[in-house]
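As structure tokens, the structure follows; a few thoughts come after it.
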Amino acid sequence: MQRDPRFDVLFEPVRIGPVIAKNRFFQVPHCNGMGHAMPQAHAAMREVKAEGGWAVICTEECEIHPSGDVSPYVEARLWDDHDIPALRLMCEKVHAHGALAGIELTHNGPTASNLYSREVLLAPSHQPSKYGYPAQARAMDKRDIADYRRWHRNAALRARAAGFDLVYVYAGHDLSLAMHFLQKRRNQRTDEYGGALENRVRLLREVIEDTRDAVGDRCAVVLRFATEELLGEGGVTMAEAKEIVHMLAELPDLWDVNLAAWYNDSVPSRFAREGAQEPFIDWVKKVTSKPVVGVGRFTSPDTMVSQIRRGILDLIGAARPSIADPYLPKKIEQGRIDDIRECIGCNICVSGDNTVTPIRCTQNPTMGEEWRKGWHPERIAPRKSEAKILIVGAGPTGLEAARALGQRGYEVHLAEASAELGGRVSRESRLPGLTEWARVRDWRLGQIKTMPNVHVYRGSPIGAQDVLEFGARHVLLATGCHWRRDGFGRSNGMGIKGFGSAAISTPDDIMDGLIPDGPVLLFDDDYFYYASTIAEQLCALKRRVYYVTPDDTIASWSSNTLEYRHIQARMHALGVEQIVSSNITEFKGDRVVLQHVWSGQNSELRCTSVVAITARLPQDALYQELLSRESEWPAAGIQSVQCAGDALAPGLIAHAVYAGHRYARELDEAPSGDVPFRRHLHTSFT
Ligand SMILES: Cc1cc2nc3c(=O)[nH]c(=O)nc-3n(C[C@H](O)[C@H](O)[C@H](O)COP(=O)(O)O)c2cc1C
Ligand code: SF4
């Protein structure tokens, strides 16, 4: 297919100092939970993006010295020459596809941990460490500042030796000394590095100049700069940011501008739309003649073109869109717009970093598996047999299994009991703010529609006898799960007295439109997004809402997806009353008995409606029945019956998609053994 000429502008080359980006697609720095610990996995992940057409591929933040050690988080590292080969590997892989490689150097100062290095934390002035480690950072003296400049310079030289084309100076996200010196709340110095803005900018200016001096002949020097922290006076404000951009306008070769901190930058779709950062960065290009890159979870080529045409950006920065679809540029180039797997803004990718595990993505189940499983987002092995496959259930697992098996060339039959496809994705996407989650369904259906070998049957409930008579060689049960009504969950292994009746609602009821009368008590023993989205829904319907949780705060797991602060702000704005550290021991029809988890004290709260968000149960009755009739399989021509996704063990949508993909990958393949992936084995002890 031909590229739409409207999008030609996206494929114009852009000069960035001494290097030229072949088009305007720029993968901005993003961490991935692999970093320096898993260099081959990291390099393979970046390579796939280079293959997919991104002109620039950056690392995540890269530590430059042990005193800026961010353990337990696993980022890139360039402490000394030993760290060069791992990053050289990435550069070689990126260069092999004609892309440029960028590296984001940083010293995290008081936002480091030094848990591994045991060095003393450094900061512009004495202050507590950001993340609550029980140690303070000490004020840097002039020698420390000179050391820091030397470390940064040496890291830049190592980056050039590794083969990088762009070297970042990082003054973003409240995660680097270069930014900390700018912030009044972190910099109370009285010397030439503190006080007036001119002084607070001094170190940033020096580090940019050092970097240019060290590597500027061959590498572009990029400044990642936060234009607003949304913290008021103590933070970088847009007014000050404008002055800073004026002061440094022509110094870097490229301005990479965005919001700080990270939770204001990688905002989930529930709280920010595509292009939401525009009001905070649209002035930068007017101040500098250097190219500007910015972010905004850009997945629509029309929006991208608009950013360029209206003079907002020169390069389309993307982290999440490049994770969800590493081939996004290539698909636009080839006129395959409908094939773009758009990011849904769920931030499961971010949770990889925050849980110190390899990155995963709801939309792209191959993310993080490029090296260890050899999975590719676009390619999959052709079918190994003529087998006909029956998949029961068209939720995220069934749809992904059908799509990927279809791509392999199998004859696939996908049967869904209800009239609507998508399962939980369709249902959850109707909850407030989650509309974009429907992309999980829509992309897969779009792909399946082009596959004559995949047959979809809606409104087709299937029983065990139907399965046995269908003539499929392999059967996948992807029948989903349902929420429990009995109160069983993390805090109540025996359920809750008085729960289990129709008076207790579940998230399924809410999604089915069965809205209880108010006031409503939400009992959240799940700790992620359900309770707060249901609270929003109930508030929109004018119900008074009590949010009760045995946890010490609401929605605690959402801190891993950077949603926590946004959820808290919204719950407060809506007037949702939070009752934390409180379990429920009994529902008495018109009130619940609350028990404080620490004091053990009981109290009562009047309410007639309770929504239990506690645990789910697989809907695996069909699977169990088929297992009980295993003796009939051979006569029916059935070789295997498997159950996957929520029907096996309820989890995230990301787990469900992954399960479907894995099923498709592994069908008719040799078993992978007890450890089903490659590992980085540190067998060289030098
Ligand atoms: C998983 C993940 C990890 C990130 N890690 C970094 C990082 O190491 N350094 C950085 O400057 N920004 C990091 N970011 C922020 C992105 O560079 C980007 O500014 C932000 O996600 C907004 O862009 P997007 O809407 O295209 O995702 C990360 C973002 C994600 C999603
Ligand atoms: S995990 Fe979610 S937010 Fe992250 S890239 Fe994938 S779809 Fe987008």
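Labels for the structure tokens follow display order: chains A, B, ..., residues from 1 in each chain, ligands from 1.
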Write out as CSV a residue-level contact list of chain A versus ligand 1 with cut-off 7 Å: for each qualifying residue the closest pair of atoms and the distance in Å to one decimal, counting only C-alpha atoms and all ligand atoms, rows sorted by chain and residue number upward.
```
residue,atom,partner,partner_atom_place_in_ligand_line,distance
A:Val28,CA,ligand 1,17 (O),4.8
A:Pro29,CA,ligand 1,17 (O),4.5
A:His30,CA,ligand 1,5 (N),3.3
A:Cys31,CA,ligand 1,5 (N),3.9
A:Asn32,CA,ligand 1,1 (C),5.8
A:Glu60,CA,ligand 1,8 (O),3.7
A:Glu61,CA,ligand 1,8 (O),4.1
A:Gly172,CA,ligand 1,11 (O),6.4
A:His173,CA,ligand 1,11 (O),6.9
A:Asn258,CA,ligand 1,19 (O),6.3
A:Trp262,CA,ligand 1,15 (C),6.4
A:Asp265,CA,ligand 1,22 (C),5.0
A:Ser266,CA,ligand 1,21 (O),4.0
A:Val295,CA,ligand 1,23 (O),4.5
A:Gly296,CA,ligand 1,25 (O),4.2
A:Arg297,CA,ligand 1,25 (O),3.1
A:Phe298,CA,ligand 1,26 (O),6.1
A:Gly317,CA,ligand 1,26 (O),6.0
A:Ala318,CA,ligand 1,26 (O),3.4
A:Ala319,CA,ligand 1,26 (O),3.9
A:Arg320,CA,ligand 1,27 (O),3.8
A:Pro321,CA,ligand 1,26 (O),5.7
A:Asn347,CA,ligand 1,31 (C),6.6
A:Cys349,CA,ligand 1,1 (C),4.8
A:Val350,CA,ligand 1,1 (C),3.9
A:Asp353,CA,ligand 1,1 (C),6.5
```
Let me have all residues with an atom within 6 Å of ligand 2, counting only C-alpha atoms and all ligand atoms, laid out as a list in words.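 After applying the 6 Å limit, what remains is Arg320, Pro321, Ile323, Ala324, Cys343, Ile344, Gly345, Cys346, Asn347, Ile348, Cys349, Cys361, Thr362 and Gln363 of chain A.
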Writer output for current selection, N, CA and C atoms, as a PDB file, in the first residue's frame:
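Saved result, part.pdb, follows:
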```
ATOM      1  N   ARG A 320       5.036   5.429  25.069  1.00  0.00           N
ATOM      2  CA  ARG A 320       4.018   4.373  25.076  1.00  0.00           C
ATOM      3  C   ARG A 320       3.546   3.963  23.677  1.00  0.00           C
ATOM      4  N   PRO A 321       3.325   4.917  22.767  1.00  0.00           N
ATOM      5  CA  PRO A 321       2.909   4.457  21.431  1.00  0.00           C
ATOM      6  C   PRO A 321       3.939   3.546  20.770  1.00  0.00           C
ATOM      7  N   ILE A 323       5.819   1.481  22.436  1.00  0.00           N
ATOM      8  CA  ILE A 323       5.782   0.213  23.180  1.00  0.00           C
ATOM      9  C   ILE A 323       4.604  -0.631  22.666  1.00  0.00           C
ATOM     10  N   ALA A 324       3.466   0.030  22.534  1.00  0.00           N
ATOM     11  CA  ALA A 324       2.270  -0.685  22.061  1.00  0.00           C
ATOM     12  C   ALA A 324       2.435  -1.113  20.612  1.00  0.00           C
ATOM     13  N   CYS A 343      -1.825   2.439  21.585  1.00  0.00           N
ATOM     14  CA  CYS A 343      -1.705   2.394  23.048  1.00  0.00           C
ATOM     15  C   CYS A 343      -3.055   2.747  23.661  1.00  0.00           C
ATOM     16  N   ILE A 344      -3.402   2.042  24.752  1.00  0.00           N
ATOM     17  CA  ILE A 344      -4.681   2.328  25.409  1.00  0.00           C
ATOM     18  C   ILE A 344      -4.514   3.217  26.646  1.00  0.00           C
ATOM     19  N   GLY A 345      -3.259   3.546  26.977  1.00  0.00           N
ATOM     20  CA  GLY A 345      -3.049   4.438  28.117  1.00  0.00           C
ATOM     21  C   GLY A 345      -3.342   3.806  29.466  1.00  0.00           C
ATOM     22  N   CYS A 346      -3.039   2.501  29.611  1.00  0.00           N
ATOM     23  CA  CYS A 346      -3.301   1.822  30.894  1.00  0.00           C
ATOM     24  C   CYS A 346      -2.101   1.865  31.826  1.00  0.00           C
ATOM     25  N   ASN A 347      -0.925   2.153  31.281  1.00  0.00           N
ATOM     26  CA  ASN A 347       0.332   2.267  32.042  1.00  0.00           C
ATOM     27  C   ASN A 347       0.805   0.977  32.708  1.00  0.00           C
ATOM     28  N   ILE A 348       0.387  -0.140  32.167  1.00  0.00           N
ATOM     29  CA  ILE A 348       0.957  -1.400  32.650  1.00  0.00           C
ATOM     30  C   ILE A 348       2.457  -1.446  32.300  1.00  0.00           C
ATOM     31  N   CYS A 349       2.830  -0.791  31.209  1.00  0.00           N
ATOM     32  CA  CYS A 349       4.257  -0.713  30.844  1.00  0.00           C
ATOM     33  C   CYS A 349       5.070  -0.066  31.968  1.00  0.00           C
ATOM     34  N   CYS A 361       3.259  -5.025  28.128  1.00  0.00           N
ATOM     35  CA  CYS A 361       2.306  -4.066  27.565  1.00  0.00           C
ATOM     36  C   CYS A 361       0.992  -4.790  27.302  1.00  0.00           C
ATOM     37  N   THR A 362      -0.097  -4.137  27.633  1.00  0.00           N
ATOM     38  CA  THR A 362      -1.409  -4.743  27.429  1.00  0.00           C
ATOM     39  C   THR A 362      -1.655  -5.015  25.948  1.00  0.00           C
ATOM     40  N   GLN A 363      -1.359  -4.016  25.121  1.00  0.00           N
ATOM     41  CA  GLN A 363      -1.639  -4.152  23.698  1.00  0.00           C
ATOM     42  C   GLN A 363      -0.626  -5.031  22.973  1.00  0.00           C
TER      43      GLN A 363
END
```
Which neighbours of region 379-385 of chain A fall inside 7 Å, counting only C-alpha atoms, when residues of the same chain fewer than 6 positions from it are skipped, and could you give them as a ChimeraX atom specification? /A:408-410,668
With only C-alpha atoms as the basis for distance, which of A:Leu574, A:Ile145, A:Leu223, A:Ile208 is at the shortest distance from Ala171 (chain A)?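 Under the stated criterion, the closest residue is A:Leu223.
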Of the candidates A:Arg662, A:His413, A:Lys331, A:Arg678, which one gets nearest to Ile448 (chain A) if we count only C-alpha atoms?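 The closest residue to Ile448 (chain A) is A:His413.
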Write out as a PyMOL selection string the residues lying within 9 Å of Val257 (chain A), counting only C-alpha atoms and excluding same-chain residues fewer than 5 positions away. chain A and resi 172+223-227+280-281+284+292-295
